[in-house]
Each structure stands twice: as C-alpha cells, then as structure tokens.
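*Asks:* I am sharing run-v4.txt, which consists of compact mmCIF, C-alpha atoms:
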# COMPACT_ATOMS: atom_id res chain seq x y z
CA MET M 1 21.36 -39.71 -19.58
CA THR M 2 21.55 -38.23 -23.07
CA THR M 3 24.92 -37.84 -24.75
CA VAL M 4 25.37 -35.91 -28.00
CA ILE M 5 28.35 -35.74 -30.33
CA GLU M 6 29.31 -32.21 -31.33
CA MET M 7 32.00 -31.10 -33.78
CA VAL M 8 33.78 -28.01 -32.49
CA GLN M 9 35.85 -25.99 -34.96
CA LEU M 10 39.05 -24.62 -33.45
CA ALA M 11 41.82 -22.70 -35.19
CA ASP M 12 43.27 -25.59 -37.19
CA VAL M 13 41.20 -28.66 -36.37
CA ARG M 14 37.67 -29.92 -35.73
CA LEU M 15 37.31 -31.89 -32.53
CA ALA M 16 34.59 -34.44 -31.89
CA CYS M 17 33.20 -33.93 -28.38
CA ARG M 18 30.80 -36.10 -26.43
CA VAL M 19 28.61 -33.80 -24.35
CA ALA M 20 26.27 -34.76 -21.50
CA GLY M 21 24.54 -32.82 -18.75
CA ALA M 22 22.60 -29.58 -18.39
CA VAL M 23 23.77 -26.60 -20.45
CA ALA M 24 23.90 -24.30 -17.42
CA ALA M 25 25.86 -26.73 -15.25
CA PRO M 26 29.57 -26.31 -14.36
CA VAL M 27 31.74 -27.81 -17.10
CA VAL M 28 34.17 -30.70 -16.71
CA ILE M 29 36.47 -31.56 -19.65
CA LEU M 30 37.77 -35.15 -19.65
CA THR M 31 40.66 -35.80 -22.05
CA HIS M 32 42.02 -39.22 -23.02
CA GLY M 33 45.54 -40.36 -23.85
CA PHE M 34 47.37 -42.98 -25.95
CA PRO M 35 46.50 -45.61 -26.98
CA ASP M 36 42.95 -44.85 -25.94
CA ASP M 37 39.80 -42.96 -26.85
CA ALA M 38 37.05 -40.87 -25.29
CA SER M 39 35.18 -43.97 -24.08
CA THR M 40 37.88 -44.40 -21.44
CA PHE M 41 35.75 -42.15 -19.20
CA ASP M 42 32.44 -43.93 -19.80
CA ALA M 43 32.15 -44.84 -16.11
CA GLN M 44 32.93 -41.33 -14.87
CA VAL M 45 30.56 -39.37 -17.13
CA PRO M 46 27.26 -40.58 -15.56
CA ALA M 47 28.57 -40.03 -12.04
CA LEU M 48 29.58 -36.46 -12.88
CA VAL M 49 26.29 -35.69 -14.65
CA ARG M 50 24.30 -37.03 -11.68
CA ALA M 51 26.33 -34.73 -9.43
CA GLY M 52 25.25 -31.73 -11.49
CA TYR M 53 28.05 -31.22 -14.00
CA ARG M 54 28.06 -30.79 -17.76
CA VAL M 55 30.69 -33.18 -19.09
CA VAL M 56 32.64 -32.66 -22.32
CA THR M 57 34.79 -35.57 -23.50
CA PRO M 58 36.81 -34.60 -26.58
CA THR M 59 38.68 -36.89 -28.94
CA LEU M 60 42.22 -35.59 -29.29
CA ARG M 61 43.29 -33.98 -32.57
CA GLY M 62 44.40 -36.53 -35.13
CA TYR M 63 42.42 -39.40 -33.61
CA ALA M 64 39.17 -40.37 -35.36
CA PRO M 65 36.47 -39.09 -35.37
CA SER M 66 38.22 -35.74 -34.72
CA GLY M 67 39.98 -34.17 -37.68
CA ARG M 68 43.60 -34.03 -38.73
CA ALA M 69 45.24 -30.71 -37.91
CA THR M 70 45.64 -28.51 -41.00
CA SER M 71 48.77 -27.09 -39.35
CA ASP M 72 50.10 -30.63 -38.75
CA ARG M 73 50.88 -29.58 -35.17
CA TYR M 74 50.58 -32.09 -32.32
CA ASP M 75 52.86 -30.56 -29.70
CA PRO M 76 51.86 -30.15 -26.03
CA ALA M 77 51.30 -26.39 -26.27
CA THR M 78 48.92 -26.87 -29.19
CA LEU M 79 47.05 -29.57 -27.28
CA GLY M 80 46.75 -27.17 -24.36
CA ARG M 81 45.34 -24.47 -26.63
CA ASP M 82 42.75 -26.99 -27.85
CA LEU M 83 41.49 -27.38 -24.28
CA VAL M 84 41.50 -23.63 -23.70
CA GLY M 85 39.45 -23.30 -26.90
CA LEU M 86 36.96 -25.91 -25.70
CA ALA M 87 36.71 -24.11 -22.36
CA ALA M 88 35.89 -20.88 -24.17
CA HIS M 89 33.32 -22.66 -26.33
CA TYR M 90 31.48 -24.52 -23.58
CA ALA M 91 31.98 -22.15 -20.64
CA PRO M 92 32.74 -18.67 -21.99
CA ASP M 93 31.94 -16.93 -18.71
CA ARG M 94 33.00 -19.57 -16.18
CA LYS M 95 36.00 -21.59 -15.13
CA VAL M 96 36.16 -25.26 -16.09
CA ARG M 97 37.43 -28.37 -14.36
CA LEU M 98 40.09 -30.20 -16.38
CA VAL M 99 40.71 -33.95 -16.10
CA GLY M 100 43.40 -35.54 -18.24
CA HIS M 101 44.78 -39.06 -18.52
CA ASP M 102 48.18 -39.77 -20.12
CA TRP M 103 48.46 -37.33 -23.07
CA GLY M 104 45.27 -35.74 -21.80
CA ALA M 105 47.18 -34.95 -18.61
CA ILE M 106 49.98 -33.30 -20.60
CA ALA M 107 47.38 -31.28 -22.53
CA SER M 108 45.72 -30.26 -19.26
CA PHE M 109 49.01 -29.14 -17.71
CA ALA M 110 49.68 -27.07 -20.82
CA ALA M 111 46.18 -25.55 -20.74
CA ALA M 112 46.57 -24.64 -17.07
CA ALA M 113 49.93 -22.99 -17.85
CA ILE M 114 48.50 -21.04 -20.80
CA ALA M 115 45.30 -19.87 -19.11
CA PRO M 116 45.21 -20.62 -15.37
CA GLU M 117 42.37 -18.13 -15.00
CA ARG M 118 40.14 -20.45 -17.08
CA CYS M 119 40.57 -23.47 -14.77
CA SER M 120 39.15 -23.99 -11.29
CA HIS M 121 40.47 -27.54 -10.81
CA LEU M 122 43.05 -29.76 -12.53
CA VAL M 123 43.18 -33.55 -12.26
CA SER M 124 46.09 -35.42 -13.81
CA MET M 125 45.95 -39.18 -14.10
CA ALA M 126 48.93 -41.52 -14.66
CA VAL M 127 51.24 -38.69 -15.84
CA PRO M 128 52.37 -36.36 -13.04
CA HIS M 129 53.68 -32.82 -13.47
CA PRO M 130 56.22 -32.74 -16.36
CA ARG M 131 58.96 -31.50 -14.03
CA ALA M 132 58.34 -34.46 -11.74
CA VAL M 133 58.57 -36.83 -14.72
CA LEU M 134 61.95 -35.38 -15.67
CA ALA M 135 63.17 -35.63 -12.08
CA GLY M 136 62.01 -39.27 -11.98
CA ALA M 137 63.81 -40.35 -15.15
CA SER M 138 65.42 -43.40 -13.53
CA PRO M 139 66.91 -46.36 -15.46
CA ALA M 140 63.73 -48.32 -14.64
CA GLN M 141 61.55 -45.57 -16.11
CA LEU M 142 63.70 -45.28 -19.21
CA ARG M 143 63.21 -49.03 -19.78
CA ARG M 144 59.43 -48.58 -19.45
CA SER M 145 59.60 -45.81 -22.05
CA TRP M 146 61.30 -47.91 -24.76
CA TYR M 147 58.36 -47.35 -27.12
CA MET M 148 59.09 -43.60 -27.26
CA GLY M 149 62.37 -44.33 -29.01
CA LEU M 150 60.62 -46.63 -31.47
CA PHE M 151 58.07 -43.93 -32.23
CA GLN M 152 60.79 -41.56 -33.44
CA LEU M 153 61.53 -43.85 -36.41
CA ARG M 154 59.40 -42.49 -39.22
CA GLY M 155 57.84 -45.15 -41.39
CA ILE M 156 59.22 -47.97 -39.27
CA ALA M 157 57.08 -47.00 -36.28
CA GLU M 158 53.95 -46.63 -38.41
CA ALA M 159 54.47 -50.09 -39.90
CA ARG M 160 55.12 -51.57 -36.45
CA LEU M 161 51.97 -49.98 -35.04
CA ILE M 162 49.78 -51.24 -37.90
CA ARG M 163 51.18 -54.80 -37.96
CA ASP M 164 48.92 -57.71 -36.99
CA ASP M 165 45.81 -55.65 -36.33
CA HIS M 166 47.68 -53.14 -34.18
CA ALA M 167 49.04 -55.88 -31.92
CA LEU M 168 51.46 -53.37 -30.38
CA ILE M 169 48.46 -51.65 -28.75
CA ASP M 170 47.42 -54.95 -27.15
CA ARG M 171 50.97 -55.39 -25.85
CA LEU M 172 51.15 -51.89 -24.37
CA TRP M 173 47.83 -52.36 -22.57
CA ARG M 174 49.05 -55.65 -21.08
CA ASP M 175 52.36 -54.12 -19.99
CA TRP M 176 50.89 -50.90 -18.67
CA SER M 177 47.91 -52.39 -16.79
CA PRO M 178 49.09 -55.92 -15.95
CA GLY M 179 46.08 -56.71 -13.76
CA TYR M 180 43.48 -55.63 -16.31
CA ARG M 181 42.14 -57.46 -19.34
CA ALA M 182 40.35 -55.19 -21.75
CA SER M 183 37.29 -56.50 -23.55
CA THR M 184 37.23 -57.14 -27.28
CA GLU M 185 34.87 -54.17 -27.69
CA GLU M 186 37.18 -51.83 -25.76
CA MET M 187 40.13 -52.71 -27.97
CA ARG M 188 38.02 -52.46 -31.12
CA ARG M 189 37.02 -48.89 -30.25
CA VAL M 190 40.54 -47.85 -29.31
CA LYS M 191 42.05 -49.26 -32.50
CA ALA M 192 39.30 -47.71 -34.64
CA GLY M 193 40.34 -44.24 -33.46
CA ILE M 194 43.97 -44.88 -34.42
CA SER M 195 43.53 -46.91 -37.62
CA GLY M 196 44.46 -44.74 -40.59
CA ARG M 197 45.72 -42.04 -38.21
CA GLU M 198 48.96 -43.71 -37.17
CA ARG M 199 51.14 -40.86 -38.44
CA GLU M 200 49.14 -38.28 -36.51
CA VAL M 201 49.14 -40.32 -33.30
CA LEU M 202 52.89 -40.88 -33.48
CA ALA M 203 53.42 -37.18 -34.20
CA TYR M 204 52.64 -36.49 -30.53
CA TYR M 205 55.79 -38.34 -29.47
CA ARG M 206 57.90 -36.78 -32.19
CA ALA M 207 56.76 -33.30 -31.19
CA LEU M 208 57.47 -34.05 -27.52
CA LEU M 209 61.12 -34.85 -28.28
CA SER M 210 61.62 -32.23 -30.98
CA PRO M 211 64.15 -29.37 -30.57
CA ALA M 212 61.25 -26.92 -30.24
CA ALA M 213 59.83 -28.84 -27.28
CA LEU M 214 63.19 -29.32 -25.58
CA LEU M 215 64.33 -25.70 -25.94
CA GLY M 216 62.91 -22.23 -25.64
CA ASN M 217 59.35 -21.13 -24.87
CA ALA M 218 57.71 -24.54 -25.41
CA ARG M 219 59.95 -26.09 -22.75
CA LYS M 220 59.30 -23.21 -20.36
CA LEU M 221 55.55 -23.67 -20.78
CA LEU M 222 55.64 -27.36 -19.86
CA LEU M 223 57.97 -26.80 -16.92
CA LYS M 224 55.98 -23.95 -15.38
CA LYS M 225 54.76 -24.45 -11.86
CA THR M 226 51.02 -25.15 -11.86
CA ARG M 227 48.89 -22.38 -10.37
CA VAL M 228 45.57 -24.27 -10.32
CA PRO M 229 44.34 -26.43 -7.38
CA SER M 230 45.28 -29.95 -8.42
CA LEU M 231 44.77 -33.63 -7.74
CA HIS M 232 46.99 -36.36 -9.14
CA LEU M 233 45.71 -39.96 -9.38
CA HIS M 234 48.19 -42.77 -10.03
CA GLY M 235 47.77 -46.53 -10.21
CA GLU M 236 50.23 -48.30 -7.94
CA ASP M 237 50.89 -50.93 -10.63
CA ASP M 238 51.36 -48.54 -13.56
CA GLY M 239 53.72 -50.17 -16.05
CA CYS M 240 54.01 -47.09 -18.26
CA VAL M 241 54.83 -44.28 -15.82
CA GLY M 242 56.03 -45.70 -12.52
CA ILE M 243 54.35 -44.24 -9.47
CA GLU M 244 57.76 -43.19 -8.15
CA CYS M 245 57.79 -40.50 -10.86
CA ALA M 246 55.14 -38.63 -8.90
CA ARG M 247 57.29 -38.50 -5.76
CA GLY M 248 57.93 -34.95 -4.59
CA SER M 249 55.52 -33.42 -7.10
CA ALA M 250 54.11 -30.89 -4.61
CA ARG M 251 57.12 -28.61 -5.15
CA TRP M 252 56.02 -27.99 -8.74
CA TYR M 253 52.70 -26.43 -7.69
CA GLU M 254 51.89 -22.91 -6.51
CA ALA M 255 48.36 -23.98 -5.52
CA PRO M 256 46.95 -26.72 -3.27
CA TYR M 257 48.03 -30.16 -4.47
CA THR M 258 46.98 -33.66 -3.44
CA MET M 259 48.08 -37.07 -4.70
CA LYS M 260 46.02 -40.22 -4.39
CA ARG M 261 47.49 -43.67 -4.98
CA VAL M 262 45.03 -46.15 -6.50
CA ALA M 263 45.77 -49.66 -5.25
CA GLY M 264 45.26 -52.56 -7.64
CA ALA M 265 45.30 -50.33 -10.71
CA GLY M 266 47.76 -49.85 -13.54
CA HIS M 267 47.98 -47.16 -16.19
CA PHE M 268 44.31 -47.18 -17.24
CA LEU M 269 43.05 -46.63 -13.70
CA GLN M 270 39.78 -44.97 -14.75
CA ARG M 271 38.81 -48.22 -16.48
CA GLU M 272 40.25 -50.52 -13.81
CA LYS M 273 38.87 -48.77 -10.71
CA PRO M 274 35.98 -46.72 -12.10
CA GLY M 275 34.10 -46.24 -8.83
CA GLU M 276 37.17 -45.16 -6.90
CA VAL M 277 38.24 -42.72 -9.60
CA SER M 278 34.74 -41.23 -9.90
CA ALA M 279 34.55 -40.77 -6.14
CA ALA M 280 37.96 -39.08 -6.06
CA LEU M 281 36.91 -36.63 -8.78
CA LEU M 282 33.64 -35.73 -7.06
CA ASP M 283 35.31 -35.33 -3.69
CA PHE M 284 37.97 -33.02 -5.17
CA PHE M 285 35.49 -30.92 -7.18
CA GLU M 286 33.08 -30.46 -4.30
I'd like the structure from this file rewritten - as structure tokens, please.
*Replies:*
Amino acid sequence: MTTVIEMVQLADVRLACRVAGAVAAPVVILTHGFPDDASTFDAQVPALVRAGYRVVTPTLRGYAPSGRATSDRYDPATLGRDLVGLAAHYAPDRKVRLVGHDWGAIASFAAAAIAPERCSHLVSMAVPHPRAVLAGASPAQLRRSWYMGLFQLRGIAEARLIRDDHALIDRLWRDWSPGYRASTEEMRRVKAGISGREREVLAYYRALLSPAALLGNARKLLLKKTRVPSLHLHGEDDGCVGIECARGSARWYEAPYTMKRVAGAGHFLQREKPGEVSAALLDFFE
C-alpha cells in the first residue's frame, strides 16, 4: 500500500494529509484528537484501502506538520469547515464517510451539521454527540475533565504541558486508557506533533469554553441534531469521557444511529482494539 503526504490549502491554513487508495474510490476521512496524531489510525487505513476506499488522514490545524491558522481560529465550527473543505477537495462530486476520534469527533459532528449533504456516514469515537456530553455532565465526568480547567490558564498551561518532555501527555494516556501501554515510538510521534505548537493545541479548549462557543450560532451548530447515518464507538474503560455520557444519544439524531461498546478498551480504542474497530467501520460503511 502506497501512502503519500499532501498539503491541502484551505481558507486560512494548510493541512498535511496522508492519502492512500485509488483516486476513484469512495473517500473516508479519518480525523485524530488530542493528544494524538494521524498515525492513530495506522491499523485502520490498510483495512479500508483493501476494502476499496480512498483514505484521507489529516493532521488537525495547529498540529505539526499542518500549519498554524492565519486566523488563529481553533473553534469547533472552524474545524468542521476544514473537513468540509477536505471533502470538497478529495470528493467534489461525491459524499464522504467521516470518522473522528476525540477532537476529530467534534470536528466531524460540526462538519455534518454544516454540510450534511456532503456526508454519507459519520463515525464518532470516544466523544458522543455534544448534546449527550452535556446531558452526561455528572460529578464523575467533571472530575475526569479536570485538565480542561488547567488548559484555560494561559501561560501556565503551556508551561505545564511542556514540562519534563511533555510528561502530562504520558499521564493523560495512562489515565484515559488504563489498560494500554503506548510504545516509545508512539509517544515520540504524538509529542513531535505538539512540541512547539502548545499554544495552538490548547487553543482548542479555550475556544470550546469561550463565550462565542457557549452562546449564539456556534452553540446552536454544535447542539444540532445529526442528520447523517451514524455509528458511535466507545471504549468501556474510557478514563477521559465515561461511557455513560453516551447513554440516550439516539434522541440527538434524525437519522439511523447505532452505538457499539468496545470491551477492554479505553479512550484510544482504535489503537487498543484495532481489528475490532476496523471491522466495525467496514460493517457500518458496507
């Protein structure tokens, strides 16, 4: 399988995209989250290509080797527009299949809200529909989300993230996927995408809790019911977003919706249970 790296110029940023599969094949866009990188889907890409798909795996804006946004915008709606732009670039005359993990899931929900006519399938992983997350904001979940408060502290959060070779990233991986031990190479790649881009990466969390995101049109966009056939995958041992947050999610969809629990997996389920996740994607798409 041949994979190429392409730089795609969007309105205010250049995104690095790994691309594999035949040009004429149906397009699947796989989008990573935090703290992670595009290699998080390394096990799923070959399976999808063998099944006849063209797979595009972008690096989110602000993370290396993608560019910094000239607009300095890292809010969910802007992330969604990035995916709509990639869909237009790689499949101008066809619908795409969107798969998002963590922040990639938020971006995919936003893209599906902005342009549902561009998406044939939506797969969210680890982060359920935003309205379900709000409904599931229990004391236990608020404790899991302690880092989001830290990330609002400008300067302090950047210094904390950088300290001791980004040791906070190691801690989050241990807490979020307690049954998984990432390899040295995995952590090296993840940290390389964030090193020197700490301000941009933390800007995601600041934008999420900004007045613009909590009020008005931006809030309405995130809270829209999803009109695209959807699958949600969630690790039963997720230490970042508890699986209970996905309870009752079906009411936030105006299209067919299925949830699959992944036993023995935490937050990074695509790395922890690669075969099971790949099979779930193929089954849903086909």
*Asks:* Between atom CA of M:Ala140 and atom CA of M:Ala157, what is the distance, to one decimal in Å?
*Replies:*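 Computing the Euclidean distance for atom CA of M:Ala140 and atom CA of M:Ala157 yields 22.7 Å.
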*Asks:* Quick one: of M:Leu202, M:Pro46, M:Ala132, M:Val19, who's nearest to M:Ala279, counting all atoms listed in the file?
*Replies:*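 Closest to M:Ala279, using all atoms listed in the file: M:Pro46.
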*Asks:* If you count all atoms listed in the file, which residues fall within 6 Å of stretch 266-274 of chain M, apart from same-chain ones fewer than 2 positions away, as a PyMOL selection string?
*Replies:* chain M and resi 43+126+176-177+235+237-238+276-277
*Asks:* Can you tell me which residues surround M:Glu200 at a distance of at most 10 Å, considering all atoms listed in the file, apart from same-chain residues fewer than 4 positions away, and format the answer as a short mmCIF file (atom, residue, chain, number, x, y, z; two decimals) with C-alpha atoms, in the frame of the given file?
*Replies:*
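The result, written out as around_19.cif:
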data_model
loop_
_atom_site.label_atom_id
_atom_site.label_comp_id
_atom_site.auth_asym_id
_atom_site.auth_seq_id
_atom_site.Cartn_x
_atom_site.Cartn_y
_atom_site.Cartn_z
CA ARG M 61 43.29 -33.98 -32.57
CA GLY M 62 44.40 -36.53 -35.13
CA TYR M 63 42.42 -39.40 -33.61
CA ARG M 68 43.60 -34.03 -38.73
CA ALA M 69 45.24 -30.71 -37.91
CA ASP M 72 50.10 -30.63 -38.75
CA ARG M 73 50.88 -29.58 -35.17
CA TYR M 74 50.58 -32.09 -32.32
CA GLU M 158 53.95 -46.63 -38.41
CA ILE M 194 43.97 -44.88 -34.42
CA GLY M 196 44.46 -44.74 -40.59
CA TYR M 204 52.64 -36.49 -30.53
CA TYR M 205 55.79 -38.34 -29.47
CA ARG M 206 57.90 -36.78 -32.19
#
*Asks:* Given the choices M:Lys220, M:His121, M:Gly239, M:Ala20, which gets closest to M:Leu142 if the distance is worked out from all atoms listed in the file?
*Replies:* M:Gly239
*Asks:* Using only C-alpha atoms, which residues sit within 10 Å of M:Gly100 once same-chain residues fewer than 5 positions away are excluded, as a VMD selection string?
*Replies:* chain M and resid 29 to 33 105 to 109 122 to 127 232
*Asks:* Could you tell me which of M:His166, M:Arg174, M:Arg14, M:Arg154 comes closest to M:Ala192 if we count all atoms listed in the file?
*Replies:*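 So, comparing all the options, the nearest one is M:His166.
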*Asks:* Can you work out the spacing between atom CA of M:Trp252 and atom CA of M:Ala110 in Å, to one decimal?
*Replies:*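 Computing the Euclidean distance for atom CA of M:Trp252 and atom CA of M:Ala110 yields 13.7 Å.
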*Asks:* Skipping near chain neighbours, those fewer than 6 positions away, what residues fall within 12 Å of M:Gly248 using only C-alpha atoms, listed as a list in words?
*Replies:*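 Non-adjacent residues within range: Pro128, His129, Arg131, Ala132, Val133, Leu134, Ala135, Gly136, His232, Tyr257, Thr258 and Met259 of chain M.
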*Asks:* Looking at only C-alpha atoms, which of M:Val27, M:Val45, M:Ala159, M:Ala182 is the one that sits closest to M:Cys119?
*Replies:*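 So, comparing all the options, the nearest one is M:Val27.
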*Asks:* Which residue is closest to M:Gly242? Choose from M:Ser183, M:Thr78, M:Thr59, M:Ser138 and count only C-alpha atoms.
*Replies:*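 The closest residue to M:Gly242 is M:Ser138.
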